[in-house]
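Shown here: entry_21.txt, compact mmCIF, C-alpha atoms.
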```
# COMPACT_ATOMS: atom_id res chain seq x y z
CA MET A 230 4.59 53.46 44.10
CA PRO A 231 6.22 50.21 45.34
CA ASP A 232 6.45 47.39 42.83
CA ASP A 233 4.40 44.96 44.92
CA ALA A 234 1.52 47.30 45.45
CA VAL A 235 -1.30 46.46 43.06
CA PRO A 236 -4.01 49.05 42.73
CA ALA A 237 -7.52 47.84 43.50
CA ALA A 238 -8.64 48.56 39.97
CA ARG A 239 -5.86 46.41 38.54
CA LEU A 240 -6.61 43.61 41.04
CA SER A 241 -10.19 43.68 39.93
CA ALA A 242 -9.07 43.52 36.32
CA VAL A 243 -6.85 40.54 37.14
CA ASP A 244 -9.70 38.74 38.90
CA GLY A 245 -11.99 39.55 36.03
CA GLY A 246 -9.46 38.12 33.61
CA ARG A 247 -9.17 34.94 35.70
CA ARG A 248 -12.92 34.55 35.83
CA ALA A 249 -13.16 35.05 32.10
CA ARG A 250 -10.42 32.48 31.52
CA ALA A 251 -12.15 30.04 33.88
CA TRP A 252 -15.39 30.40 31.97
CA LEU A 253 -13.48 30.00 28.74
CA ARG A 254 -11.94 26.77 30.03
CA ILE A 255 -15.36 25.44 31.01
CA ALA A 256 -16.81 26.43 27.67
CA ALA A 257 -13.84 24.87 25.85
CA ALA A 258 -14.12 21.66 27.87
CA THR A 259 -17.84 21.45 27.14
CA PHE A 260 -17.22 22.07 23.47
CA ALA A 261 -14.39 19.55 23.43
CA ALA A 262 -16.67 16.93 24.94
CA PHE A 263 -18.86 17.16 21.88
CA VAL A 264 -16.11 17.79 19.34
CA PRO A 265 -13.10 15.93 20.76
CA TRP A 266 -10.84 16.37 17.73
CA VAL A 267 -10.64 20.12 18.02
CA HIS A 268 -7.47 19.97 20.11
CA ALA A 269 -5.84 17.05 18.28
CA ALA A 270 -2.38 17.61 16.91
CA THR A 271 -0.60 15.43 14.42
CA THR A 272 2.89 14.51 13.40
CA SER A 273 3.79 12.53 10.32
CA SER A 274 6.49 10.22 9.06
CA ASN A 275 7.16 9.70 5.35
CA PHE A 276 8.13 6.40 3.82
CA THR A 277 8.39 4.95 0.33
CA VAL A 278 6.26 2.23 -1.23
CA GLN A 279 7.91 0.42 -4.13
CA VAL A 280 7.15 -2.39 -6.54
CA THR A 281 8.32 -3.86 -9.84
CA LEU A 282 5.71 -5.34 -12.16
CA THR A 283 6.34 -8.21 -14.55
CA SER A 284 3.77 -8.01 -17.35
CA GLN A 285 1.88 -11.17 -18.23
CA CYS A 286 -0.80 -12.63 -20.47
CA ALA A 287 -2.87 -15.60 -19.38
CA ALA A 288 -5.48 -17.72 -21.15
CA THR A 289 -8.96 -17.37 -19.72
CA ASN A 290 -11.10 -19.93 -21.59
CA SER A 291 -8.65 -22.71 -22.28
CA GLY A 292 -10.15 -26.11 -23.14
CA THR A 293 -13.76 -25.04 -23.43
CA THR A 294 -14.13 -24.31 -27.11
CA THR A 295 -14.31 -26.52 -30.20
CA VAL A 296 -13.54 -25.85 -33.84
CA SER A 297 -16.06 -28.19 -35.46
CA PHE A 298 -15.86 -29.09 -39.13
CA GLY A 299 -19.18 -30.86 -39.00
CA THR A 300 -19.44 -33.78 -41.41
CA TYR A 301 -17.03 -34.00 -44.32
CA THR A 302 -18.18 -36.15 -47.21
CA ALA A 303 -15.22 -37.84 -48.83
CA PHE A 304 -14.21 -36.29 -52.17
CA GLN A 305 -16.60 -33.40 -51.68
CA ALA A 306 -16.15 -30.68 -54.27
CA THR A 307 -16.04 -27.67 -51.99
CA ALA A 308 -13.86 -26.80 -49.09
CA GLN A 309 -15.32 -27.47 -45.65
CA GLY A 310 -15.37 -24.54 -43.31
CA SER A 311 -15.71 -24.57 -39.57
CA ASN A 312 -17.18 -22.42 -36.90
CA THR A 313 -15.01 -19.76 -35.35
CA VAL A 314 -13.98 -20.03 -31.73
CA ASN A 315 -12.91 -17.09 -29.68
CA LEU A 316 -9.85 -17.70 -27.58
CA THR A 317 -9.47 -15.05 -24.90
CA PHE A 318 -6.41 -13.94 -23.04
CA GLN A 319 -6.08 -11.42 -20.28
CA CYS A 320 -2.99 -9.26 -20.29
CA THR A 321 -1.47 -6.57 -18.16
CA ARG A 322 -3.10 -3.29 -19.15
CA GLY A 323 -1.26 -1.70 -22.05
CA PHE A 324 0.81 -4.81 -22.71
CA ALA A 325 0.34 -6.57 -26.08
CA PRO A 326 1.43 -10.07 -27.15
CA VAL A 327 3.97 -10.05 -29.98
CA SER A 328 2.85 -13.14 -31.91
CA VAL A 329 0.70 -16.26 -31.93
CA ALA A 330 1.30 -19.79 -33.19
CA PHE A 331 -0.28 -23.23 -32.91
CA ASP A 332 1.15 -26.22 -31.10
CA THR A 333 3.38 -28.70 -32.94
CA VAL A 334 2.01 -31.69 -31.04
CA ASN A 335 -1.03 -32.33 -33.23
CA GLY A 336 0.01 -30.37 -36.29
CA THR A 337 2.15 -27.46 -37.40
CA ALA A 338 2.83 -24.10 -35.82
CA ALA A 339 1.06 -22.56 -38.81
CA GLY A 340 -2.13 -24.46 -37.90
CA ALA A 341 -2.25 -27.43 -40.27
CA GLY A 342 -3.34 -30.81 -38.88
CA VAL A 343 -4.93 -34.12 -39.77
CA LEU A 344 -8.07 -35.76 -38.34
CA THR A 345 -9.44 -39.12 -39.61
CA GLY A 346 -7.18 -38.71 -42.63
CA LEU A 347 -8.50 -35.24 -43.40
CA GLN A 348 -6.08 -32.37 -43.57
CA TYR A 349 -7.24 -29.09 -42.14
CA THR A 350 -5.75 -25.64 -41.70
CA LEU A 351 -6.46 -23.33 -38.81
CA THR A 352 -6.00 -19.58 -38.89
CA ALA A 353 -6.00 -17.06 -36.07
CA GLY A 354 -7.26 -13.59 -36.87
CA ALA A 355 -5.86 -10.33 -35.50
CA PRO A 356 -6.86 -9.99 -31.87
CA THR A 357 -9.57 -7.68 -30.70
CA LEU A 358 -8.81 -5.66 -27.61
CA VAL A 359 -11.12 -4.65 -24.82
CA ALA A 360 -9.18 -2.35 -22.52
CA GLY A 361 -9.34 -3.15 -18.84
CA THR A 362 -10.27 -0.73 -16.09
CA ALA A 363 -7.52 0.84 -14.05
CA ALA A 364 -6.91 -0.21 -10.48
CA THR A 365 -8.13 2.24 -7.86
CA THR A 366 -8.04 2.28 -4.11
CA ALA A 367 -11.45 0.62 -4.26
CA SER A 368 -10.82 -1.96 -6.96
CA ILE A 369 -7.91 -3.97 -8.28
CA GLY A 370 -9.13 -3.15 -11.78
CA THR A 371 -9.44 -5.54 -14.70
CA ALA A 372 -7.07 -6.79 -17.34
CA ASP A 373 -6.96 -5.97 -21.02
CA VAL A 374 -8.80 -8.79 -22.78
CA ARG A 375 -7.47 -9.91 -26.15
CA THR A 376 -9.58 -12.24 -28.23
CA TYR A 377 -8.29 -14.29 -31.15
CA GLY A 378 -10.86 -15.70 -33.53
CA VAL A 379 -9.67 -19.15 -34.72
CA SER A 380 -11.34 -20.89 -37.64
CA GLY A 381 -10.44 -23.74 -39.93
CA SER A 382 -10.87 -25.03 -43.40
CA MET A 383 -10.54 -28.46 -45.02
CA LEU A 384 -9.49 -28.72 -48.66
CA PRO A 385 -12.00 -30.35 -51.03
CA GLY A 386 -11.40 -33.69 -52.75
CA GLN A 387 -10.02 -35.48 -49.70
CA ALA A 388 -10.52 -39.25 -49.29
CA GLY A 389 -10.06 -39.44 -45.50
CA THR A 390 -9.33 -42.64 -43.56
CA CYS A 391 -12.17 -44.68 -42.13
CA ALA A 392 -12.91 -48.44 -42.15
CA ALA A 393 -16.64 -48.00 -41.75
CA SER A 394 -19.32 -46.00 -43.52
CA SER A 395 -18.64 -43.12 -41.15
CA CYS A 396 -16.19 -42.27 -38.46
CA GLY A 397 -16.42 -39.75 -35.70
CA PRO A 398 -16.84 -37.27 -34.48
CA ALA A 399 -13.10 -37.56 -33.98
CA THR A 400 -11.26 -34.85 -32.09
CA HIS A 401 -7.93 -33.85 -30.84
CA THR A 402 -6.65 -30.88 -28.92
CA ARG A 403 -4.82 -27.98 -30.46
CA THR A 404 -3.22 -25.09 -28.65
CA LEU A 405 -2.89 -21.43 -29.56
CA ILE A 406 0.39 -20.18 -28.16
CA VAL A 407 0.62 -16.47 -27.50
CA THR A 408 4.11 -15.03 -27.16
CA PHE A 409 4.54 -11.89 -25.12
CA MET B 241 12.35 38.60 59.94
CA LYS B 242 14.32 35.88 61.67
CA ARG B 243 18.00 35.71 61.53
CA ILE B 244 19.58 32.33 61.99
CA LEU B 245 22.95 32.49 63.48
CA ILE B 246 25.25 29.63 62.92
CA ALA B 247 28.34 29.39 64.98
CA ALA B 248 30.98 27.28 63.41
CA ALA B 249 34.07 26.22 65.10
CA ILE B 250 36.62 24.43 63.05
CA ALA B 251 38.91 22.47 65.17
CA GLY B 252 42.52 22.62 64.31
CA ALA B 253 42.13 25.42 61.86
CA ALA B 254 45.13 27.57 61.70
CA ALA B 255 43.04 30.59 61.02
CA LEU B 256 39.45 30.68 62.15
CA PRO B 257 37.03 31.82 59.42
CA ALA B 258 34.73 34.66 60.03
CA GLN B 259 31.33 33.55 61.19
CA SER B 260 28.97 33.05 58.15
CA ALA B 261 25.21 33.49 58.10
CA THR B 262 22.46 32.50 55.60
CA THR B 263 18.90 33.38 55.00
CA SER B 264 16.40 31.86 52.54
CA ASN B 265 13.51 33.10 50.49
CA ASN B 266 11.08 30.59 48.95
CA PHE B 267 9.60 31.06 45.53
CA ASN B 268 7.62 28.92 43.11
CA VAL B 269 8.85 27.43 39.85
CA SER B 270 5.99 26.88 37.48
CA THR B 271 5.62 25.57 33.95
CA SER B 272 3.02 24.19 31.65
CA LEU B 273 4.02 21.33 29.36
CA SER B 274 2.41 20.88 25.99
CA SER B 275 2.86 17.17 25.22
CA GLN B 276 4.11 16.34 21.78
CA CYS B 277 5.02 13.50 19.49
CA GLN B 278 7.34 13.87 16.53
CA ALA B 279 8.72 11.62 13.81
CA THR B 280 12.33 10.64 14.12
CA ASN B 281 13.09 8.61 10.97
CA SER B 282 10.87 10.22 8.37
CA GLY B 283 11.69 9.50 4.73
CA SER B 284 14.31 6.84 5.20
CA GLN B 285 12.18 3.71 5.00
CA THR B 286 10.77 1.70 2.07
CA VAL B 287 7.94 -0.79 1.99
CA ASP B 288 9.23 -2.90 -0.89
CA PHE B 289 6.84 -5.28 -2.63
CA GLY B 290 9.66 -6.68 -4.76
CA THR B 291 8.48 -8.05 -8.12
CA TYR B 292 4.81 -8.74 -8.73
CA THR B 293 4.09 -11.09 -11.61
CA ALA B 294 0.79 -10.16 -13.24
CA PHE B 295 -2.07 -12.56 -12.42
CA GLN B 296 -0.05 -14.29 -9.73
CA ALA B 297 -2.12 -16.65 -7.66
CA THR B 298 -1.01 -15.51 -4.23
CA PRO B 299 -0.94 -12.10 -2.59
CA GLN B 300 2.37 -10.30 -2.56
CA ALA B 301 3.67 -9.13 0.79
CA GLY B 302 5.81 -6.03 1.19
CA THR B 303 8.65 -5.57 3.59
CA SER B 304 7.77 -4.16 6.97
CA VAL B 305 9.22 -0.84 8.06
CA ASN B 306 9.43 0.60 11.54
CA LEU B 307 8.38 4.23 11.78
CA LEU B 308 9.69 5.87 14.90
CA PHE B 309 8.22 8.69 16.90
CA GLN B 310 9.33 10.26 20.14
CA CYS B 311 6.67 11.44 22.52
CA THR B 312 6.46 13.17 25.84
CA ARG B 313 6.93 10.52 28.51
CA GLY B 314 3.63 8.90 29.44
CA PHE B 315 1.82 10.53 26.52
CA ALA B 316 0.45 8.16 23.92
CA PRO B 317 -0.85 9.00 20.43
CA THR B 318 -4.56 8.44 20.03
CA SER B 319 -4.66 7.20 16.45
CA VAL B 320 -2.76 6.75 13.22
CA ALA B 321 -3.79 7.13 9.61
CA PHE B 322 -2.15 7.30 6.21
CA ASP B 323 -2.01 10.26 3.85
CA THR B 324 -4.74 10.84 1.30
CA VAL B 325 -2.34 12.22 -1.31
CA ASN B 326 -1.24 8.89 -2.75
CA GLY B 327 -4.04 6.70 -1.46
CA THR B 328 -6.58 6.41 1.31
CA ALA B 329 -6.35 7.13 5.00
CA ALA B 330 -6.85 3.40 5.54
CA GLY B 331 -3.64 2.71 3.63
CA VAL B 332 -4.82 1.61 0.19
CA GLY B 333 -2.91 2.82 -2.86
CA VAL B 334 -2.07 1.99 -6.47
CA LEU B 335 1.36 1.60 -8.07
CA VAL B 336 1.84 0.63 -11.76
CA GLY B 337 -1.80 -0.37 -11.80
CA LEU B 338 -1.39 -2.63 -8.80
CA GLN B 339 -3.52 -2.05 -5.75
CA TYR B 340 -1.90 -2.44 -2.36
CA SER B 341 -2.98 -2.12 1.24
CA LEU B 342 -0.81 -0.88 4.04
CA SER B 343 -1.47 -1.55 7.69
CA ALA B 344 0.11 -0.10 10.79
CA GLY B 345 0.43 -2.36 13.80
CA ALA B 346 -0.21 -1.40 17.39
CA ALA B 347 2.30 1.03 18.79
CA SER B 348 5.30 -0.44 20.54
CA ILE B 349 6.41 1.89 23.29
CA VAL B 350 9.79 1.98 24.97
CA ALA B 351 9.61 4.25 27.98
CA GLY B 352 12.08 7.10 28.07
CA THR B 353 14.29 7.92 31.00
CA ALA B 354 13.14 10.54 33.45
CA ALA B 355 14.78 13.91 33.58
CA THR B 356 17.04 14.37 36.56
CA THR B 357 19.13 17.21 37.82
CA ALA B 358 21.94 15.70 35.76
CA THR B 359 20.15 14.89 32.48
CA ILE B 360 17.16 16.08 30.50
CA GLY B 361 16.01 12.48 30.06
CA THR B 362 14.63 10.99 26.87
CA GLY B 363 11.23 10.76 25.22
CA ASP B 364 9.13 7.66 25.06
CA ALA B 365 10.01 5.88 21.79
CA VAL B 366 6.85 4.91 19.95
CA THR B 367 7.30 2.54 17.02
CA TYR B 368 4.70 1.65 14.42
CA ALA B 369 5.44 -1.29 12.14
CA VAL B 370 3.94 -0.67 8.72
CA SER B 371 3.55 -3.56 6.32
CA GLY B 372 1.74 -4.02 3.05
CA SER B 373 0.05 -6.58 0.87
CA MET B 374 -1.04 -6.70 -2.76
CA PRO B 375 -4.08 -8.80 -3.66
CA ALA B 376 -3.50 -11.74 -5.98
CA ASN B 377 -4.58 -11.94 -9.62
CA GLN B 378 -3.95 -8.34 -10.61
CA ALA B 379 -3.19 -7.35 -14.20
CA GLY B 380 -1.27 -4.19 -13.44
CA ALA B 381 -0.52 -1.57 -16.09
CA CYS B 382 2.70 -1.72 -18.09
CA ALA B 383 3.32 -1.45 -21.82
CA THR B 384 6.51 -3.49 -21.73
CA SER B 385 7.53 -6.84 -20.30
CA ALA B 386 8.43 -5.24 -16.98
CA CYS B 387 8.00 -1.88 -15.27
CA GLY B 388 9.78 -0.54 -12.26
CA PRO B 389 10.86 -0.44 -9.62
CA THR B 390 8.21 2.24 -9.32
CA SER B 391 7.65 4.05 -6.06
CA HIS B 392 5.79 6.85 -4.40
CA VAL B 393 5.81 8.40 -0.96
CA ARG B 394 3.22 7.61 1.68
CA THR B 395 2.91 9.20 5.08
CA LEU B 396 1.87 7.81 8.43
CA ILE B 397 0.05 10.53 10.33
CA VAL B 398 -0.01 10.17 14.09
CA THR B 399 -2.67 12.05 15.98
CA PHE B 400 -2.02 12.91 19.59
```
Produce structure tokens that represent the structure in this file.
Amino acid sequence: MPDDAVPAARLSAVDGGRRARAWLRIAAATFAAFVPWVHAATTSSNFTVQVTLTSQCAATNSGTTTVSFGTYTAFQATAQGSNTVNLTFQCTRGFAPVSVAFDTVNGTAAGAGVLTGLQYTLTAGAPTLVAGTAATTASIGTADVRTYGVSGSMLPGQAGTCAASSCGPATHTRTLIVTF
Amino acid sequence: MKRILIAAAIAGAAALPAQSATTSNNFNVSTSLSSQCQATNSGSQTVDFGTYTAFQATPQAGTSVNLLFQCTRGFAPTSVAFDTVNGTAAGVGVLVGLQYSLSAGAASIVAGTAATTATIGTGDAVTYAVSGSMPANQAGACATSACGPTSHVRTLIVTF
């Protein structure tokens, strides 16, 4: 049989195959119209994202709190306590300050100071820690919050300095310095 | 079947060549082309955010990188997205507790040269500039005074 002679049966099979493919194309096109991503292909390119983080702590309620000794009566027999103020700092998660001290502008680094001739001493307790939430792709997260309770005491038997029957309330500003 | 006879006379030829004849037979050349795009500089680029100082007041920008793809001439990708292994398809991710957002600019296309009988030509060069930004006022996560440089791999996925 010559090479170019195609039997009728085979021709019919070829036509049948073409028809089937044509229907398949129509069906595929119809399907693709509703689900266009079926035929999508992708290619990808890798790259690196890089950062260096410098850890920090920052005061969050600076200037808004007052250690109040109330009214001190000269030569009183008992020490005069104060309220406790909570000084809060936010720090990089997992990063802890190494030490705290008071300013030396209105007193000593250890917390002593003088107001209207009355010596006082401040103390800062160990900080409490509330761990922050981790950053996610939906949120930048929150910082670790460290809170130092600061309270004061005035020694008894102090005369004070005041030209009138009472002075005050007198105030000055102290600073808690956190080293990290 | 026709036979074309060509008579050639070469003037001044010392020896006359024998008469030559040609015949031709047409046929079809057929191909189907499946258009493609592919990355050409994968893995060699870094979006560098430098040093982020915790709680900084301004956002931190990263360097911009150009990711190159070559595509069949005239064929443009339909969309791009980022991997979801180290972040979101929209480009958000987290490094040392710092959230960042990547963005890919519109494709810049440099048309390739057409194939000729002398050269196979070149693909269209499709470039996506990817840049990033970190929101301000982030705490980050680091037990020491500094961490890094810390990095991970992201992927730009081009759909075509």
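We find atom CA of B:Gln310 and atom CA of B:Ser275 to be spaced 10.7 Å apart.
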Report as a tab-separated table the residues of chain A within 10 Å of chain B, each with its shortest atom pair and distance in Å (one decimal), using only C-alpha atoms, ordered by chain and increasing residue number.
```
residue	atom	partner	partner_atom	distance
A:Trp266	CA	B:Thr399	CA	9.4
A:His268	CA	B:Phe400	CA	8.9
A:Ala269	CA	B:Phe400	CA	5.8
A:Ala270	CA	B:Phe400	CA	5.4
A:Thr271	CA	B:Thr399	CA	4.3
A:Thr272	CA	B:Val398	CA	5.3
A:Ser273	CA	B:Ile397	CA	4.2
A:Ser274	CA	B:Ser282	CA	4.4
A:Asn275	CA	B:Thr395	CA	4.3
A:Phe276	CA	B:Gly283	CA	4.8
A:Thr277	CA	B:Thr286	CA	4.4
A:Val278	CA	B:Val287	CA	4.7
A:Gln279	CA	B:Ser391	CA	4.1
A:Val280	CA	B:Phe289	CA	4.9
A:Thr281	CA	B:Pro389	CA	4.3
A:Leu282	CA	B:Tyr292	CA	4.9
A:Thr283	CA	B:Ala386	CA	4.4
A:Ser284	CA	B:Ser385	CA	4.9
A:Gln285	CA	B:Ala294	CA	5.2
A:Cys286	CA	B:Ala294	CA	7.8
A:Ala287	CA	B:Phe295	CA	7.6
A:Gln319	CA	B:Ala379	CA	7.9
A:Cys320	CA	B:Ala379	CA	6.4
A:Thr321	CA	B:Ala379	CA	4.4
A:Arg322	CA	B:Ala381	CA	4.4
A:Gly323	CA	B:Ala383	CA	4.6
A:Phe324	CA	B:Ala383	CA	4.3
A:Ala325	CA	B:Ala383	CA	7.3
A:Pro326	CA	B:Ser385	CA	9.7
A:Gly361	CA	B:Ala379	CA	8.8
A:Thr362	CA	B:Gly337	CA	9.5
A:Ala363	CA	B:Gly337	CA	6.3
A:Ala364	CA	B:Gly337	CA	5.3
A:Thr365	CA	B:Val334	CA	6.2
A:Thr366	CA	B:Gly333	CA	5.3
A:Ala367	CA	B:Val332	CA	8.0
A:Ser368	CA	B:Gln339	CA	7.4
A:Ile369	CA	B:Gln339	CA	5.4
A:Gly370	CA	B:Gln378	CA	7.4
A:Thr371	CA	B:Ala379	CA	6.5
A:Ala372	CA	B:Ala379	CA	5.0
A:Asp373	CA	B:Ala379	CA	7.9
A:Phe409	CA	B:Ser385	CA	7.6
```
Self-check item: Nearest candidate to A:Arg403 (options A:Leu347, A:Val296, A:Met383, A:Ala388; using only C-alpha atoms)
Solution: A:Val296
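Coordinates place atom CA of B:Thr312 at a distance of 20.1 Å from atom CA of B:Val269.
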Practice problem: Have a look at atom CA of A:Pro356 and atom CA of A:Thr376 and let me know their distance in Å, one decimal. | Solution: 5.1 Å
Exercise. Pick out the residues sitting within 9 Å of A:Gln309, and hand them over as a ChimeraX atom specification; count all atoms listed in the file, and ignore anything fewer than 2 positions along from it in its own chain.
Key: /A:298-301,305,307,311,349,381-385
Self-check item: Near-A:Asp332 list (8 Å; all atoms listed in the file; drop same-chain fewer than 6 positions) as number ranges by chain
Solution: A: 338, 340, 403-406
Self-check item: Counting only C-alpha atoms, the option among A:Phe304, A:Thr345, A:Asn315, A:Gly310 closest to A:Val374
Solution: A:Asn315
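Comparing A:Thr313, A:Ser328, A:Gln387, A:Thr289 by their smallest distance to A:Thr352, the closest is A:Thr313 (using only C-alpha atoms).
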